[in-house]
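**Q** Below you will find the structure I want to go over with you.
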Amino acid sequence: MFRVTAFGLIAALSLTACGGDGDSDDNPLTEGGGGGGGKSIVVGSANFPENQLLAEIYAQALEDKGLKVTRKFDIGAREVYYDQVVKGGISVFPEYNGALLSVAVDKKSTATSTEDINAELKAKLPKSVEILDSAAAEDKDSVTVTSEVAAKHNLKTLADLKPVAGDLAIGAGSEFKTRTQGLVGLEKVYGVEFGKFQPLDAGAQSTLLKLLKEGTVQAANLYTTDPAIVEDKLVVLEDPKNLFSSQNITPLVHKSAVDGKARETLNAISAKLTTEDLLEMMKKLVNDKADAADVAEEWLTGAGLAS
């Protein structure tokens with residue numbers, strides 16, 4: 001999934017900065033990785049607010065259990081961080097199960113449900129990594145338009161775009177152009193071909209929303225926990241053919257870097273976290289400009305997961 005920040009977070013770090021090839025002295029685990037014996041669990045995040053928040057929740061919960069944690073946040077897109085989890089430069093990462101499968105593990109997968117996605121991940125992930133329990137919380141890709149554009153073209157579903165998309169522009173992260181859960185899938189599944197694609201870099205959420213609201217682009221790849229959808233009365237087009245798969249929040253871990261206590265802690269988070277929780281926390285981050293660490297602590301305490 002391409003993600004962009006609502007407030008200028010740091011752009012993607014280099015591979016070297018987050019552990020390089022996993023074998024050099026730059027690898028965080030060379031200074032101790034794992035869930036016990038005084039070693040540090042390296043918790044990573046992508047470079048957008050929601051993922052950083054989730055990583056902070058993981059990190060604080062692990063620390064509350066007496067485990068040592070090193071934070072490696074704002075790393076960048078999945079194309080950067082996934083390899084680092086596989087090689088051990090990162091121990092724990094808050095993932096979105098559908099995107100993990102279709103982008104990093106099996107680009108030809110047609111699984112869309114949480115159960116089918118997780119079954120394929122468990123069968124196909126490299127032996128060095130595994131997924132833990134998925135949360136009910138999910139944040140899905142969407143194609144979203146303004147209420148004015150929806151009314152003008154009678155748009156309710158992605159299928160409704162087919163006769164008019166040639167006259168429209170869509171804005172999204174550059175990865176959206178080549179991903180199945182992007183322009184490739186829109187054409188294949190719905191026969192939708194936009195007249196123009198406006199790529200944006202990570203960190204450009206405010207720019208994307210501005211382009212959408214001013215009409216420079218008529219559609220945008222937003223995510224379903226984005227507070228702007230409600231605030232600006234945007235219309236998320238329905239996806240009856242399930243182009244965009246389930247995107248449950250799911251811990252991806254490097255097996256040898258986490259022990260039983262760490263696994264239990266992360267699974268306890270998944271058992272409590274809902275989409276409503278995530279949306280409420282995102283409102284605090286984006287609207288109230290709250291600090292991610294404070295929001296994470298508040299949620300953990302309210303969920304009974306922090307002392």
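Please note that chains go A, B, ... in the order of the structure tokens, that every chain numbers its residues from 1, and that ligands are numbered from 1 in the order shown.
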Please provide as a CSV table (one decimal) with all heavy atoms, in the first residue's frame all residues within 10 Å of A:Ser113, with the sequence filter that same-chain residues fewer than 6 positions apart are discarded (counting only C-alpha atoms).
**A**
chain,number,residue,atom,x,y,z
A,97,ASN,N,-2.3,-6.9,6.1
A,97,ASN,CA,-2.1,-8.3,5.5
A,97,ASN,C,-2.3,-8.4,4.0
A,97,ASN,O,-1.6,-9.1,3.3
A,97,ASN,CB,-2.9,-9.3,6.3
A,97,ASN,CG,-4.4,-9.1,6.3
A,97,ASN,OD1,-4.9,-8.0,5.9
A,97,ASN,ND2,-5.2,-10.0,6.8
A,98,GLY,N,-3.4,-7.8,3.5
A,98,GLY,CA,-3.6,-7.9,2.1
A,98,GLY,C,-2.6,-7.3,1.2
A,98,GLY,O,-2.1,-7.9,0.2
A,119,ALA,N,-3.9,-17.3,5.4
A,119,ALA,CA,-3.5,-18.7,5.0
A,119,ALA,C,-2.4,-18.7,4.0
A,119,ALA,O,-1.4,-19.5,4.1
A,119,ALA,CB,-4.7,-19.5,4.6
A,242,ASN,N,-14.2,-6.6,-5.0
A,242,ASN,CA,-13.1,-6.8,-4.0
A,242,ASN,C,-11.7,-6.7,-4.7
A,242,ASN,O,-10.8,-7.5,-4.4
A,242,ASN,CB,-13.2,-8.2,-3.3
A,242,ASN,CG,-14.4,-8.2,-2.5
A,242,ASN,OD1,-14.8,-7.3,-1.7
A,242,ASN,ND2,-15.2,-9.3,-2.6
A,245,SER,N,-8.1,-5.7,-1.3
A,245,SER,CA,-8.3,-6.8,-0.4
A,245,SER,C,-8.4,-6.3,1.0
A,245,SER,O,-8.2,-5.2,1.3
A,245,SER,CB,-7.2,-7.8,-0.5
A,245,SER,OG,-5.9,-7.2,-0.2
A,246,SER,N,-8.8,-7.3,1.9
A,246,SER,CA,-8.7,-7.0,3.3
A,246,SER,C,-7.4,-6.5,3.7
A,246,SER,O,-6.3,-7.0,3.2
A,246,SER,CB,-9.1,-8.2,4.1
A,246,SER,OG,-10.4,-8.7,3.9
A,247,GLN,N,-7.4,-5.5,4.6
A,247,GLN,CA,-6.1,-4.9,5.1
A,247,GLN,C,-6.1,-4.9,6.6
A,247,GLN,O,-6.0,-3.8,7.2
A,247,GLN,CB,-5.9,-3.5,4.5
A,247,GLN,CG,-6.0,-3.5,3.0
A,247,GLN,CD,-4.7,-4.1,2.3
A,247,GLN,OE1,-3.8,-4.5,3.0
A,247,GLN,NE2,-4.7,-4.2,1.0
A,248,ASN,N,-6.1,-6.0,7.2
A,248,ASN,CA,-6.1,-6.1,8.7
A,248,ASN,C,-4.7,-5.8,9.2
A,248,ASN,O,-3.7,-6.2,8.7
A,248,ASN,CB,-6.5,-7.5,9.2
A,248,ASN,CG,-7.9,-7.9,8.7
A,248,ASN,OD1,-8.0,-8.4,7.6
A,248,ASN,ND2,-8.9,-7.6,9.5
**Q** Would you please extract all strand (DSSP E or B) residues from stretch 57-229 of chain A, as assigned by DSSP on the backbone, and give them as a CSV table (one decimal) with C-alpha atoms, in the first residue's frame?
**A**
chain,number,residue,atom,x,y,z
A,68,LYS,CA,14.1,-3.7,25.5
A,69,VAL,CA,13.0,-1.9,22.3
A,70,THR,CA,14.8,0.0,19.6
A,71,ARG,CA,12.6,2.2,17.4
A,72,LYS,CA,13.4,2.4,13.6
A,92,VAL,CA,8.6,-6.3,14.4
A,93,PHE,CA,6.6,-4.4,11.9
A,94,PRO,CA,2.9,-3.4,11.8
A,95,GLU,CA,1.7,-4.7,8.5
A,96,TYR,CA,-1.5,-4.7,6.4
A,129,VAL,CA,9.5,-14.4,9.2
A,130,GLU,CA,5.9,-15.0,10.3
A,131,ILE,CA,2.7,-13.2,10.9
A,138,GLU,CA,-8.1,-2.5,9.0
A,141,ASP,CA,-7.2,1.3,-0.1
A,142,SER,CA,-10.0,3.2,-1.9
A,143,VAL,CA,-10.7,5.3,-4.9
A,144,THR,CA,-12.3,8.4,-3.5
A,145,VAL,CA,-14.0,11.4,-5.2
A,157,THR,CA,-19.0,2.1,-7.3
A,169,ALA,CA,-7.3,12.3,-13.6
A,170,ILE,CA,-6.4,10.2,-10.5
A,171,GLY,CA,-3.8,11.1,-7.9
A,172,ALA,CA,-1.9,8.5,-5.9
A,173,GLY,CA,1.5,7.4,-4.8
A,196,LYS,CA,-4.3,11.0,-16.5
A,197,PHE,CA,-2.3,9.6,-13.6
A,198,GLN,CA,-0.8,12.2,-11.1
A,199,PRO,CA,1.9,10.5,-9.1
A,200,LEU,CA,2.9,11.8,-5.7
A,219,ALA,CA,-10.1,10.9,-8.0
A,220,ALA,CA,-7.6,9.9,-5.3
A,221,ASN,CA,-6.2,6.8,-3.7
A,222,LEU,CA,-7.1,7.5,-0.1
A,223,TYR,CA,-7.4,5.1,2.9
**Q** Show which residues sit within 9 Å of A:Lys124, as a ChimeraX atom specification. Count only C-alpha atoms, and ignore same-chain residues fewer than 5 positions away.
**A** /A:101,105-106,119
**Q** Give me every helix (DSSP H, G or I) residue in stretch 4-250 of chain A, going by DSSP on the backbone, as a PyMOL selection string.
**A** chain A and resi 16-18+28-31+49-64+78-87+97-105+114-124+147-153+158-161+165-167+174-177+180-190+205-214+228-231
**Q** What is the distance, in Å and to one decimal place, between atom CA of A:Ser45 and atom CA of A:Ile75?
**A** 6.1 Å
**Q** Pick out the closest residue to A:Asp291 from this set: A:Pro49, A:Gly76, A:Pro251, A:Gly166. Count only C-alpha atoms.
**A** A:Pro49
